[in-house]
file model-v2.csv (CSV, C-alpha atoms and all ligand atoms)
chain,number,residue,atom,x,y,z
I,10,MET,CA,-15.5,43.4,-9.3
I,11,ASN,CA,-15.3,39.8,-8.4
I,12,ARG,CA,-12.3,39.6,-6.1
I,13,THR,CA,-11.2,36.1,-5.1
I,14,ARG,CA,-8.5,37.5,-3.0
I,15,ARG,CA,-11.0,38.6,-0.3
I,16,LEU,CA,-11.3,35.0,0.9
I,17,ARG,CA,-7.5,34.7,1.1
I,18,LYS,CA,-6.7,37.6,3.3
I,19,THR,CA,-6.0,36.0,6.6
I,20,GLU,CA,-5.5,32.5,8.0
I,21,GLY,CA,-8.8,32.8,9.7
I,22,ILE,CA,-10.8,33.0,6.5
I,23,ARG,CA,-8.5,30.6,4.7
I,24,ARG,CA,-9.3,28.0,7.4
I,25,LEU,CA,-13.0,28.6,6.9
I,26,VAL,CA,-13.0,28.1,3.1
I,27,ARG,CA,-10.4,25.3,3.0
I,28,GLU,CA,-11.9,22.4,1.0
I,29,ASN,CA,-9.5,19.5,1.7
I,30,LYS,CA,-7.6,18.4,4.7
I,31,LEU,CA,-5.1,15.7,5.4
I,32,THR,CA,-5.6,14.0,8.7
I,33,ILE,CA,-4.0,11.2,10.6
I,34,ASP,CA,-7.2,9.1,10.1
I,35,ASP,CA,-6.4,8.9,6.3
I,36,LEU,CA,-3.1,7.1,6.7
I,37,ILE,CA,-1.8,3.6,6.4
I,38,TYR,CA,1.9,2.9,7.1
I,39,PRO,CA,3.7,0.1,5.3
I,40,LEU,CA,6.1,-2.2,7.3
I,41,PHE,CA,8.8,-4.5,6.0
I,42,ILE,CA,9.2,-7.5,8.2
I,43,GLU,CA,12.1,-9.9,7.6
I,44,GLU,CA,12.5,-13.4,8.9
I,45,GLY,CA,15.4,-13.7,11.4
I,46,THR,CA,16.5,-11.9,14.5
I,47,ASN,CA,18.0,-8.6,15.5
I,48,ILE,CA,17.3,-7.0,12.2
I,49,GLU,CA,16.9,-3.2,12.0
I,50,LYS,CA,18.3,-2.4,8.5
I,51,GLU,CA,17.8,1.0,6.9
I,52,ILE,CA,16.8,0.8,3.2
I,53,VAL,CA,19.3,2.9,1.4
I,54,SER,CA,17.0,4.4,-1.2
I,55,MET,CA,14.2,5.1,1.4
I,56,PRO,CA,15.8,7.1,4.1
I,57,GLY,CA,14.0,6.6,7.5
I,58,ILE,CA,12.4,3.3,6.4
I,59,LYS,CA,13.8,0.0,7.8
I,60,ARG,CA,13.4,-3.7,7.6
I,61,TRP,CA,12.5,-5.2,11.0
I,62,SER,CA,12.5,-8.7,12.5
I,63,LEU,CA,9.8,-9.7,14.9
I,64,ASP,CA,12.1,-9.1,17.9
I,65,THR,CA,12.9,-5.5,17.0
I,66,LEU,CA,9.6,-4.5,15.5
I,67,HIS,CA,8.3,-3.2,18.9
I,68,LYS,CA,10.5,-0.1,18.5
I,69,GLU,CA,8.6,0.8,15.3
I,70,LEU,CA,5.2,-0.2,16.5
I,71,ASP,CA,5.5,1.7,19.8
I,72,GLU,CA,6.1,4.8,17.8
I,73,VAL,CA,3.3,4.1,15.3
I,74,VAL,CA,0.8,3.6,18.1
I,75,ALA,CA,2.0,6.6,20.1
I,76,LEU,CA,1.5,8.7,16.9
I,77,ASP,CA,-2.0,7.4,16.6
I,78,ILE,CA,-1.6,6.0,13.1
I,79,PRO,CA,-4.6,3.8,12.6
I,80,ALA,CA,-3.3,1.1,10.3
I,81,VAL,CA,-0.3,-0.8,9.0
I,82,LEU,CA,0.2,-2.7,5.7
I,83,LEU,CA,2.6,-5.6,6.1
I,84,PHE,CA,5.1,-7.0,3.7
I,85,GLY,CA,7.0,-10.2,4.6
I,86,ILE,CA,10.5,-11.0,3.5
I,87,PRO,CA,11.3,-14.8,4.0
I,88,THR,CA,14.7,-16.4,4.2
I,89,GLU,CA,13.8,-19.2,1.8
I,90,LYS,CA,12.3,-18.6,-1.7
I,91,ASP,CA,11.0,-21.2,-4.1
I,92,GLU,CA,9.3,-21.5,-7.5
I,93,ILE,CA,5.7,-20.9,-6.3
I,94,GLY,CA,6.2,-19.1,-3.0
I,95,LYS,CA,4.6,-21.7,-0.8
I,96,GLU,CA,5.7,-20.0,2.5
I,97,THR,CA,2.9,-17.5,1.7
I,98,TRP,CA,0.3,-20.1,2.9
I,99,ASP,CA,2.4,-21.6,5.7
I,100,ASP,CA,0.6,-21.0,9.0
I,101,ASN,CA,4.1,-20.3,10.5
I,102,GLY,CA,5.3,-18.1,7.7
I,103,ILE,CA,6.8,-14.7,8.5
I,104,MET,CA,3.5,-12.9,7.6
I,105,GLN,CA,1.4,-15.2,9.8
I,106,GLN,CA,3.8,-14.8,12.7
I,107,ALA,CA,3.8,-11.0,12.3
I,108,ILE,CA,0.0,-10.8,12.2
I,109,ARG,CA,-0.3,-12.9,15.4
I,110,TYR,CA,2.5,-10.8,17.1
I,111,ILE,CA,0.9,-7.5,16.3
I,112,LYS,CA,-2.7,-8.4,17.1
I,113,LYS,CA,-1.6,-9.8,20.4
I,114,ASN,CA,0.7,-6.9,21.5
I,115,TYR,CA,-1.0,-4.0,19.7
I,116,PRO,CA,-4.7,-5.0,19.5
I,117,SER,CA,-5.9,-1.5,18.6
I,118,LEU,CA,-3.7,-1.3,15.5
I,119,TYR,CA,-5.6,-2.3,12.3
I,120,VAL,CA,-3.5,-4.9,10.4
I,121,ILE,CA,-3.7,-5.2,6.6
I,122,THR,CA,-1.5,-7.7,4.7
I,123,ASP,CA,-0.2,-7.2,1.1
I,124,VAL,CA,-1.2,-10.5,-0.5
I,125,CYS,CA,1.3,-11.4,-3.2
I,126,PHE,CA,4.1,-13.9,-4.1
I,127,CYS,CA,6.9,-11.7,-5.5
I,128,GLU,CA,8.8,-11.6,-2.2
I,129,TYR,CA,8.6,-15.3,-1.9
I,130,THR,CA,9.3,-16.6,-5.4
I,131,SER,CA,12.9,-17.4,-6.6
I,132,HIS,CA,12.0,-15.7,-9.9
I,133,GLY,CA,10.4,-12.6,-8.3
I,134,HIS,CA,7.2,-12.7,-10.2
I,135,CYS,CA,3.7,-12.4,-8.6
I,136,GLY,CA,2.6,-16.0,-9.1
I,137,VAL,CA,3.2,-19.4,-10.7
I,138,ILE,CA,5.3,-19.4,-13.9
I,139,HIS,CA,4.2,-21.5,-16.9
I,140,ASN,CA,5.8,-20.9,-20.3
I,141,ASN,CA,7.7,-17.9,-19.1
I,142,ASP,CA,4.7,-16.0,-17.9
I,143,VAL,CA,2.6,-15.9,-14.8
I,144,ASP,CA,-0.3,-18.4,-15.0
I,145,ASN,CA,-3.4,-16.5,-13.9
I,146,ASP,CA,-5.7,-19.3,-12.8
I,147,ALA,CA,-3.0,-21.4,-11.1
I,148,THR,CA,-2.0,-18.3,-9.1
I,149,LEU,CA,-5.6,-17.8,-8.0
I,150,LEU,CA,-5.6,-21.2,-6.3
I,151,ASN,CA,-2.5,-20.2,-4.3
I,152,LEU,CA,-3.9,-16.8,-3.5
I,153,ALA,CA,-7.0,-18.4,-1.9
I,154,LYS,CA,-4.7,-20.5,0.3
I,155,GLN,CA,-2.6,-17.5,1.2
I,156,VAL,CA,-5.6,-15.3,2.3
I,157,ILE,CA,-7.2,-18.1,4.4
I,158,SER,CA,-3.9,-18.5,6.2
I,159,HIS,CA,-3.7,-14.8,6.9
I,160,ALA,CA,-7.3,-14.8,8.0
I,161,LYS,CA,-6.6,-17.7,10.5
I,162,ALA,CA,-3.7,-15.7,11.9
I,163,GLY,CA,-6.1,-12.9,12.7
I,164,VAL,CA,-5.5,-10.2,10.0
I,165,ASP,CA,-8.1,-7.4,9.8
I,166,MET,CA,-8.0,-6.8,6.0
I,167,VAL,CA,-6.3,-8.4,3.0
I,168,ALA,CA,-4.9,-6.4,0.0
I,169,PRO,CA,-4.1,-8.5,-3.0
I,170,SER,CA,-1.5,-6.7,-5.2
I,171,GLY,CA,-0.7,-9.1,-7.9
I,172,MET,CA,-3.1,-7.9,-10.7
I,173,MET,CA,-4.3,-11.4,-11.6
I,174,ASP,CA,-7.8,-11.4,-13.3
I,175,GLY,CA,-10.5,-12.7,-11.0
I,176,THR,CA,-8.5,-12.1,-7.8
I,177,ILE,CA,-11.3,-10.4,-5.8
I,178,GLN,CA,-13.9,-13.1,-6.7
I,179,ALA,CA,-11.5,-16.0,-5.9
I,180,ILE,CA,-10.5,-14.4,-2.6
I,181,ARG,CA,-14.0,-13.4,-1.6
I,182,GLU,CA,-15.3,-17.0,-2.3
I,183,ALA,CA,-12.4,-18.6,-0.4
I,184,LEU,CA,-13.0,-16.3,2.6
I,185,ASP,CA,-16.8,-16.7,2.6
I,186,ASN,CA,-16.5,-20.5,2.3
I,187,THR,CA,-14.3,-20.7,5.4
I,188,GLY,CA,-16.4,-18.5,7.6
I,189,PHE,CA,-14.4,-15.3,7.1
I,190,TYR,CA,-17.3,-13.4,5.4
I,191,ASP,CA,-16.6,-10.4,7.6
I,192,LEU,CA,-13.0,-9.9,6.5
I,193,PRO,CA,-12.7,-7.0,4.1
I,194,ILE,CA,-10.7,-6.8,0.9
I,195,MET,CA,-8.8,-3.8,-0.4
I,196,GLY,CA,-8.1,-4.4,-4.1
I,197,TYR,CA,-5.0,-3.1,-5.7
I,198,SER,CA,-7.6,-2.4,-8.4
I,199,VAL,CA,-5.8,-0.1,-10.8
I,200,LYS,CA,-2.1,-0.8,-10.5
I,201,TYR,CA,0.3,0.3,-13.2
I,202,ALA,CA,3.6,-1.3,-14.4
I,203,SER,CA,5.6,1.5,-12.9
I,204,ALA,CA,9.2,2.6,-12.6
I,205,PHE,CA,8.2,4.3,-9.3
I,206,TYR,CA,8.4,0.9,-7.5
I,207,GLY,CA,12.2,0.8,-7.9
I,208,PRO,CA,13.2,1.4,-4.2
I,209,PHE,CA,10.5,-1.0,-3.0
I,210,ARG,CA,12.1,-3.9,-4.9
I,211,ASP,CA,15.3,-3.4,-2.9
I,212,ALA,CA,13.3,-3.0,0.3
I,213,ALA,CA,11.3,-6.2,-0.2
I,214,ASP,CA,13.8,-8.1,-2.3
I,215,SER,CA,11.2,-8.7,-5.0
I,216,ALA,CA,12.7,-7.7,-8.4
I,217,PRO,CA,11.9,-10.2,-11.2
I,218,THR,CA,14.9,-12.1,-12.3
I,219,PHE,CA,13.6,-12.2,-15.9
I,220,GLY,CA,11.3,-10.0,-17.9
I,221,ASP,CA,9.0,-7.5,-16.2
I,222,ARG,CA,5.5,-7.2,-14.9
I,223,ARG,CA,3.9,-5.8,-18.0
I,224,THR,CA,1.8,-8.9,-18.8
I,225,TYR,CA,-0.2,-8.4,-15.5
I,226,GLN,CA,0.3,-4.8,-14.4
I,227,MET,CA,-1.3,-2.0,-16.4
I,228,ASP,CA,0.2,0.1,-19.2
I,229,PRO,CA,0.8,3.7,-17.9
I,230,SER,CA,-0.8,5.0,-21.1
I,231,ASN,CA,-4.3,3.7,-20.3
I,232,ARG,CA,-7.0,5.5,-18.4
I,233,ASP,CA,-10.2,3.9,-19.7
I,234,GLU,CA,-8.8,0.5,-18.8
I,235,GLY,CA,-8.4,1.7,-15.3
I,236,MET,CA,-12.2,2.1,-15.1
I,237,ARG,CA,-12.6,-1.4,-16.5
I,238,GLU,CA,-10.3,-2.8,-13.8
I,239,ALA,CA,-12.1,-0.9,-11.1
I,240,ASN,CA,-15.5,-2.1,-12.4
I,241,PHE,CA,-14.4,-5.7,-12.2
I,242,ASP,CA,-13.1,-5.3,-8.6
I,243,ASP,CA,-16.3,-3.4,-7.6
I,244,ALA,CA,-18.5,-6.1,-9.1
I,245,GLU,CA,-16.5,-8.9,-7.5
I,246,GLY,CA,-17.0,-7.2,-4.1
I,247,ALA,CA,-13.8,-5.4,-3.3
I,248,ASP,CA,-14.6,-3.3,-0.2
I,249,ILE,CA,-12.0,-0.6,-1.0
I,250,LEU,CA,-10.6,0.3,-4.5
I,251,MET,CA,-7.0,1.4,-4.7
I,252,VAL,CA,-5.0,3.3,-7.3
I,253,LYS,CA,-1.2,2.8,-7.5
I,254,PRO,CA,1.1,4.7,-7.8
I,255,ALA,CA,-0.5,8.0,-6.6
I,256,MET,CA,1.3,11.1,-7.6
I,257,SER,CA,1.4,10.5,-11.4
I,258,TYR,CA,-2.1,9.0,-11.4
I,259,LEU,CA,-4.2,11.6,-9.8
I,260,ASP,CA,-6.5,11.6,-12.8
I,261,ILE,CA,-7.3,7.9,-12.2
I,262,ILE,CA,-8.0,8.6,-8.5
I,263,ARG,CA,-10.5,11.2,-9.5
I,264,ASP,CA,-12.1,8.8,-12.1
I,265,LEU,CA,-12.7,6.3,-9.4
I,266,LYS,CA,-14.0,8.8,-6.9
I,267,ASN,CA,-16.5,10.1,-9.4
I,268,ASN,CA,-17.7,6.7,-10.5
I,269,PHE,CA,-17.8,4.4,-7.5
I,270,ASP,CA,-19.5,4.6,-4.1
I,271,ARG,CA,-16.8,2.7,-2.3
I,272,PRO,CA,-13.9,4.2,-0.4
I,273,ILE,CA,-10.9,5.0,-2.7
I,274,ALA,CA,-7.4,4.5,-1.6
I,275,CYS,CA,-4.1,5.4,-3.2
I,276,TYR,CA,-0.6,4.1,-2.7
I,277,ASN,CA,2.1,6.9,-2.5
I,278,VAL,CA,4.8,4.5,-3.6
I,279,SER,CA,8.5,4.0,-2.8
I,280,GLY,CA,9.8,6.0,-5.8
I,281,GLU,CA,7.6,9.0,-4.9
I,282,TYR,CA,9.0,8.9,-1.4
I,283,ALA,CA,12.6,8.5,-2.6
I,284,MET,CA,12.4,11.5,-4.9
I,285,VAL,CA,11.1,13.9,-2.2
I,286,LYS,CA,13.8,12.6,0.2
I,287,ALA,CA,16.6,12.9,-2.3
I,288,ALA,CA,15.7,16.4,-3.4
I,289,ALA,CA,15.2,17.5,0.2
I,290,ALA,CA,18.6,16.1,1.3
I,291,LYS,CA,20.2,18.2,-1.4
I,292,GLY,CA,18.4,21.3,-0.1
I,293,TRP,CA,16.7,21.7,-3.4
I,294,ILE,CA,13.1,21.6,-2.0
I,295,ASP,CA,11.5,22.0,1.4
I,296,GLY,CA,10.9,18.3,2.0
I,297,GLU,CA,8.2,18.8,4.7
I,298,ARG,CA,6.2,21.2,2.6
I,299,VAL,CA,6.5,19.1,-0.5
I,300,MET,CA,5.4,16.0,1.5
I,301,MET,CA,2.3,17.7,2.8
I,302,GLU,CA,1.4,19.3,-0.5
I,303,SER,CA,1.7,16.1,-2.5
I,304,LEU,CA,-0.3,14.1,0.0
I,305,LEU,CA,-2.9,16.8,0.0
I,306,SER,CA,-3.1,16.6,-3.8
I,307,MET,CA,-4.1,12.9,-3.4
I,308,LYS,CA,-6.9,13.9,-1.1
I,309,ARG,CA,-8.0,16.6,-3.5
I,310,ALA,CA,-8.0,14.1,-6.3
I,311,GLY,CA,-10.4,12.1,-4.3
I,312,ALA,CA,-8.5,9.6,-2.2
I,313,ASP,CA,-10.1,8.7,1.1
I,314,ILE,CA,-7.2,6.7,2.3
I,315,ILE,CA,-3.4,7.1,1.5
I,316,ILE,CA,-0.8,4.4,2.0
I,317,THR,CA,2.4,6.2,2.6
I,318,TYR,CA,6.0,5.8,4.0
I,319,PHE,CA,5.6,9.4,5.2
I,320,ALA,CA,2.9,8.5,7.7
I,321,LYS,CA,5.0,8.9,10.8
I,322,GLU,CA,6.4,12.3,9.6
I,323,VAL,CA,2.9,13.5,8.7
I,324,ALA,CA,1.6,12.5,12.1
I,325,LYS,CA,4.3,14.6,13.7
I,326,VAL,CA,3.6,17.6,11.6
I,327,LEU,CA,-0.1,17.4,12.2
I,328,ALA,CA,0.4,17.0,16.0
I,329,ARG,CA,2.6,20.2,16.0
I,330,LYS,CA,0.0,22.2,14.2
I,331,LYS,CA,-2.8,21.3,16.6
U,1,LIG,C1,4.0,-6.5,-4.7
U,1,LIG,C2,4.0,-5.0,-4.4
U,1,LIG,C3,4.8,-4.0,-5.0
U,1,LIG,C4,4.5,-2.8,-4.4
U,1,LIG,C5,3.5,-3.1,-3.4
U,1,LIG,N1,3.2,-4.5,-3.5
U,1,LIG,C6,5.9,-4.1,-6.0
U,1,LIG,C7,5.6,-4.5,-7.4
U,1,LIG,O1,4.5,-4.6,-7.8
U,1,LIG,O2,6.6,-4.7,-8.1
U,1,LIG,C8,5.2,-1.5,-4.6
U,1,LIG,C9,5.2,-0.5,-3.4
U,1,LIG,C10,6.1,0.6,-3.5
U,1,LIG,O3,6.8,0.9,-4.5
U,1,LIG,O4,6.2,1.3,-2.5
U,1,LIG,N2,3.4,-6.9,-5.8
call {"tool": "encode", "arguments": {"input": "model-v2.csv", "output": "structure tokens", "more": "lines below"}}
Ligand code: PBG
result
Amino acid sequence: MNRTRRLRKTEGIRRLVRENKLTIDDLIYPLFIEEGTNIEKEIVSMPGIKRWSLDTLHKELDEVVALDIPAVLLFGIPTEKDEIGKETWDDNGIMQQAIRYIKKNYPSLYVITDVCFCEYTSHGHCGVIHNNDVDNDATLLNLAKQVISHAKAGVDMVAPSGMMDGTIQAIREALDNTGFYDLPIMGYSVKYASAFYGPFRDAADSAPTFGDRRTYQMDPSNRDEGMREANFDDAEGADILMVKPAMSYLDIIRDLKNNFDRPIACYNVSGEYAMVKAAAAKGWIDGERVMMESLLSMKRAGADIIITYFAKEVAKVLARKK
């Protein structure tokens, strides 16, 4: 008889036949950095995750480096917002200051910036508004200014998250024309208009004041369209393709893994984090095991890289198991 249980009998044999593993090398940790001083503000719907100012950030970064997490993804929260989000390309904006601070004091840490406008615009949308909607091509011009400013500040990689058409091409050209041809781009290639971003919008203060993001982010019903989006980003030269959210979109992660020879990333978003934390706090699930199992499912689906608020906790679990 074929008996599959033979290879499950002991931990020794289970280790030998284990197909997928989560490692610290897979993880990117998001950071919320707010303009101001003395800020260390816990985000209510994301227990354990805080907003930091540049003078308190060392507490978090010391821990991130000690845990050997390879990379961080930065989000900036400015004090002043305006119609177009012009602080995003100000060389002294909060992002640019944060990049310089981290690269100077933690040179080994790989710094990625989320390139968008929603935290910086008074209306909370991801670009320039014309006729009650985001103007795609006007936004591309500002995106180019933003990435060049991040590049000058010394960022290691940029990750545009706004879902404007032609983003990768516009950014690649802008970087190449200013000598930053070596700077990689991680595309938020297949990003859905998702309710799972709820807690993030509190964290980053970026909820739209009117309408929603369904004219630029994807309809959760669509799978073929995800391939189309990824094809465009691949052709335009994105170095890494990302799927977002992760847990409810494992099919999309696998589609990309099967069809592209670029590294695939996924974003384990705020709502996914909040659900696990809330259920664990009630004692309804084993939070640590659910965390490890859900991140492992992303690896199994085909993700090479996972952006997750759990990064520090995962690092601690993996260190314990060594
Ligand atoms: C900005 C951006 C968002 C997230 C990452 N970048 C919010 C949005 O698109 O509304 C969500 C991240 C999360 O929920 O953890 N465009």
call {"tool": "residues_near_ligand", "arguments": {"input": "model-v2.csv", "ligand": "ligand LIG 1 (chain U)", "cutoff": "9 Å", "atoms": "all atoms listed in the file", "output": "PyMOL selection string"}}
result
chain I and resi 39+84+123-128+133-135+169-172+197+200-210+212-213+215-217+221-222+226+253-254+276-282+316-318
call {"tool": "closest_residue", "arguments": {"input": "model-v2.csv", "among": "I:Arg181, I:Lys291, I:Lys68, I:Arg109", "to": "Pro193 in chain I", "atoms": "only C-alpha atoms"}}
result
I:Arg181
call {"tool": "residues_around", "arguments": {"input": "model-v2.csv", "residues": "Tyr119 in chain I", "least_positions_apart": "4", "cutoff": "8 Å", "atoms": "all atoms listed in the file", "output": "list in words"}}
result
Pro79, Ala80, Val81 and Asp165 of chain I
call {"tool": "write_last_selection", "arguments": {"input": "model-v2.csv", "atoms": "C-alpha atoms", "output": "tab-separated table (two decimals), in the frame of the given file"}}
result
chain	number	residue	atom	x	y	z
I	79	PRO	CA	-4.60	3.80	12.60
I	80	ALA	CA	-3.30	1.10	10.30
I	81	VAL	CA	-0.30	-0.80	9.00
I	165	ASP	CA	-8.10	-7.40	9.80
call {"tool": "closest_residue", "arguments": {"input": "model-v2.csv", "among": "I:Asn240, I:Gln178, I:Asn141, I:Ser257", "to": "Phe219 in chain I", "atoms": "all atoms listed in the file"}}
result
I:Asn141
call {"tool": "residues_around", "arguments": {"input": "model-v2.csv", "residues": "Val120 in chain I", "least_positions_apart": "3", "cutoff": "12 Å", "atoms": "only C-alpha atoms", "output": "NGL selection string"}}
result
:I and (37-40 or 70 or 78-84 or 104-105 or 107-113 or 115-117 or 123 or 159-160 or 162-168 or 192-193)
call {"tool": "residues_near_point", "arguments": {"input": "model-v2.csv", "point": "(3.4, 8.2, 17.6)", "cutoff": "12 Å", "atoms": "all atoms listed in the file", "output": "PyMOL selection string"}}
result
chain I and resi 33+38+68-79+320-328
call {"tool": "write_last_selection", "arguments": {"input": "model-v2.csv", "atoms": "C-alpha atoms", "output": "PDB file, keeping the file's coordinate frame"}}
result
ATOM      1  CA  ILE I  33      -4.000  11.200  10.600  1.00  0.00           C
ATOM      2  CA  TYR I  38       1.900   2.900   7.100  1.00  0.00           C
ATOM      3  CA  LYS I  68      10.500  -0.100  18.500  1.00  0.00           C
ATOM      4  CA  GLU I  69       8.600   0.800  15.300  1.00  0.00           C
ATOM      5  CA  LEU I  70       5.200  -0.200  16.500  1.00  0.00           C
ATOM      6  CA  ASP I  71       5.500   1.700  19.800  1.00  0.00           C
ATOM      7  CA  GLU I  72       6.100   4.800  17.800  1.00  0.00           C
ATOM      8  CA  VAL I  73       3.300   4.100  15.300  1.00  0.00           C
ATOM      9  CA  VAL I  74       0.800   3.600  18.100  1.00  0.00           C
ATOM     10  CA  ALA I  75       2.000   6.600  20.100  1.00  0.00           C
ATOM     11  CA  LEU I  76       1.500   8.700  16.900  1.00  0.00           C
ATOM     12  CA  ASP I  77      -2.000   7.400  16.600  1.00  0.00           C
ATOM     13  CA  ILE I  78      -1.600   6.000  13.100  1.00  0.00           C
ATOM     14  CA  PRO I  79      -4.600   3.800  12.600  1.00  0.00           C
ATOM     15  CA  ALA I 320       2.900   8.500   7.700  1.00  0.00           C
ATOM     16  CA  LYS I 321       5.000   8.900  10.800  1.00  0.00           C
ATOM     17  CA  GLU I 322       6.400  12.300   9.600  1.00  0.00           C
ATOM     18  CA  VAL I 323       2.900  13.500   8.700  1.00  0.00           C
ATOM     19  CA  ALA I 324       1.600  12.500  12.100  1.00  0.00           C
ATOM     20  CA  LYS I 325       4.300  14.600  13.700  1.00  0.00           C
ATOM     21  CA  VAL I 326       3.600  17.600  11.600  1.00  0.00           C
ATOM     22  CA  LEU I 327      -0.100  17.400  12.200  1.00  0.00           C
ATOM     23  CA  ALA I 328       0.400  17.000  16.000  1.00  0.00           C
TER      24      ALA I 328
END
call {"tool": "closest_residue", "arguments": {"input": "model-v2.csv", "among": "I:Arg60, I:Arg12, I:Arg298, I:Lys286", "to": "Gly45 in chain I", "atoms": "only C-alpha atoms"}}
result
I:Arg60
call {"tool": "atom_distance", "arguments": {"input": "model-v2.csv", "atom1": "CA of Ala247 in chain I", "atom2": "CA of Met307 in chain I"}}
result
20.7 Å
call {"tool": "residues_around", "arguments": {"input": "model-v2.csv", "residues": "Val143 in chain I", "least_positions_apart": "6", "cutoff": "9 Å", "atoms": "all atoms listed in the file", "output": "PyMOL selection string"}}
result
chain I and resi 134-137+173+224-225
call {"tool": "closest_residue", "arguments": {"input": "model-v2.csv", "among": "I:Ser158, I:Ser131, I:Asn151, I:Thr176", "to": "Phe189 in chain I", "atoms": "only C-alpha atoms"}}
result
I:Ser158
call {"tool": "closest_residue", "arguments": {"input": "model-v2.csv", "among": "I:Gly175, I:Pro87, I:Gly296, I:Gly235", "to": "Ala283 in chain I", "atoms": "all atoms listed in the file"}}
result
I:Gly296
call {"tool": "residues_near_point", "arguments": {"input": "model-v2.csv", "point": "(-12.7, 10.5, -9.5)", "cutoff": "12 Å", "atoms": "all atoms listed in the file", "output": "PDB file with C-alpha atoms, keeping the file's coordinate frame"}}
result
ATOM      1  CA  ARG I 232      -7.000   5.500 -18.400  1.00  0.00           C
ATOM      2  CA  GLY I 235      -8.400   1.700 -15.300  1.00  0.00           C
ATOM      3  CA  MET I 236     -12.200   2.100 -15.100  1.00  0.00           C
ATOM      4  CA  ALA I 239     -12.100  -0.900 -11.100  1.00  0.00           C
ATOM      5  CA  LEU I 250     -10.600   0.300  -4.500  1.00  0.00           C
ATOM      6  CA  MET I 251      -7.000   1.400  -4.700  1.00  0.00           C
ATOM      7  CA  VAL I 252      -5.000   3.300  -7.300  1.00  0.00           C
ATOM      8  CA  TYR I 258      -2.100   9.000 -11.400  1.00  0.00           C
ATOM      9  CA  LEU I 259      -4.200  11.600  -9.800  1.00  0.00           C
ATOM     10  CA  ASP I 260      -6.500  11.600 -12.800  1.00  0.00           C
ATOM     11  CA  ILE I 261      -7.300   7.900 -12.200  1.00  0.00           C
ATOM     12  CA  ILE I 262      -8.000   8.600  -8.500  1.00  0.00           C
ATOM     13  CA  ARG I 263     -10.500  11.200  -9.500  1.00  0.00           C
ATOM     14  CA  ASP I 264     -12.100   8.800 -12.100  1.00  0.00           C
ATOM     15  CA  LEU I 265     -12.700   6.300  -9.400  1.00  0.00           C
ATOM     16  CA  LYS I 266     -14.000   8.800  -6.900  1.00  0.00           C
ATOM     17  CA  ASN I 267     -16.500  10.100  -9.400  1.00  0.00           C
ATOM     18  CA  ASN I 268     -17.700   6.700 -10.500  1.00  0.00           C
ATOM     19  CA  PHE I 269     -17.800   4.400  -7.500  1.00  0.00           C
ATOM     20  CA  ASP I 270     -19.500   4.600  -4.100  1.00  0.00           C
ATOM     21  CA  ARG I 271     -16.800   2.700  -2.300  1.00  0.00           C
ATOM     22  CA  PRO I 272     -13.900   4.200  -0.400  1.00  0.00           C
ATOM     23  CA  ILE I 273     -10.900   5.000  -2.700  1.00  0.00           C
ATOM     24  CA  ALA I 274      -7.400   4.500  -1.600  1.00  0.00           C
ATOM     25  CA  CYS I 275      -4.100   5.400  -3.200  1.00  0.00           C
ATOM     26  CA  MET I 307      -4.100  12.900  -3.400  1.00  0.00           C
ATOM     27  CA  LYS I 308      -6.900  13.900  -1.100  1.00  0.00           C
ATOM     28  CA  ARG I 309      -8.000  16.600  -3.500  1.00  0.00           C
ATOM     29  CA  ALA I 310      -8.000  14.100  -6.300  1.00  0.00           C
ATOM     30  CA  GLY I 311     -10.400  12.100  -4.300  1.00  0.00           C
ATOM     31  CA  ALA I 312      -8.500   9.600  -2.200  1.00  0.00           C
ATOM     32  CA  ASP I 313     -10.100   8.700   1.100  1.00  0.00           C
TER      33      ASP I 313
END
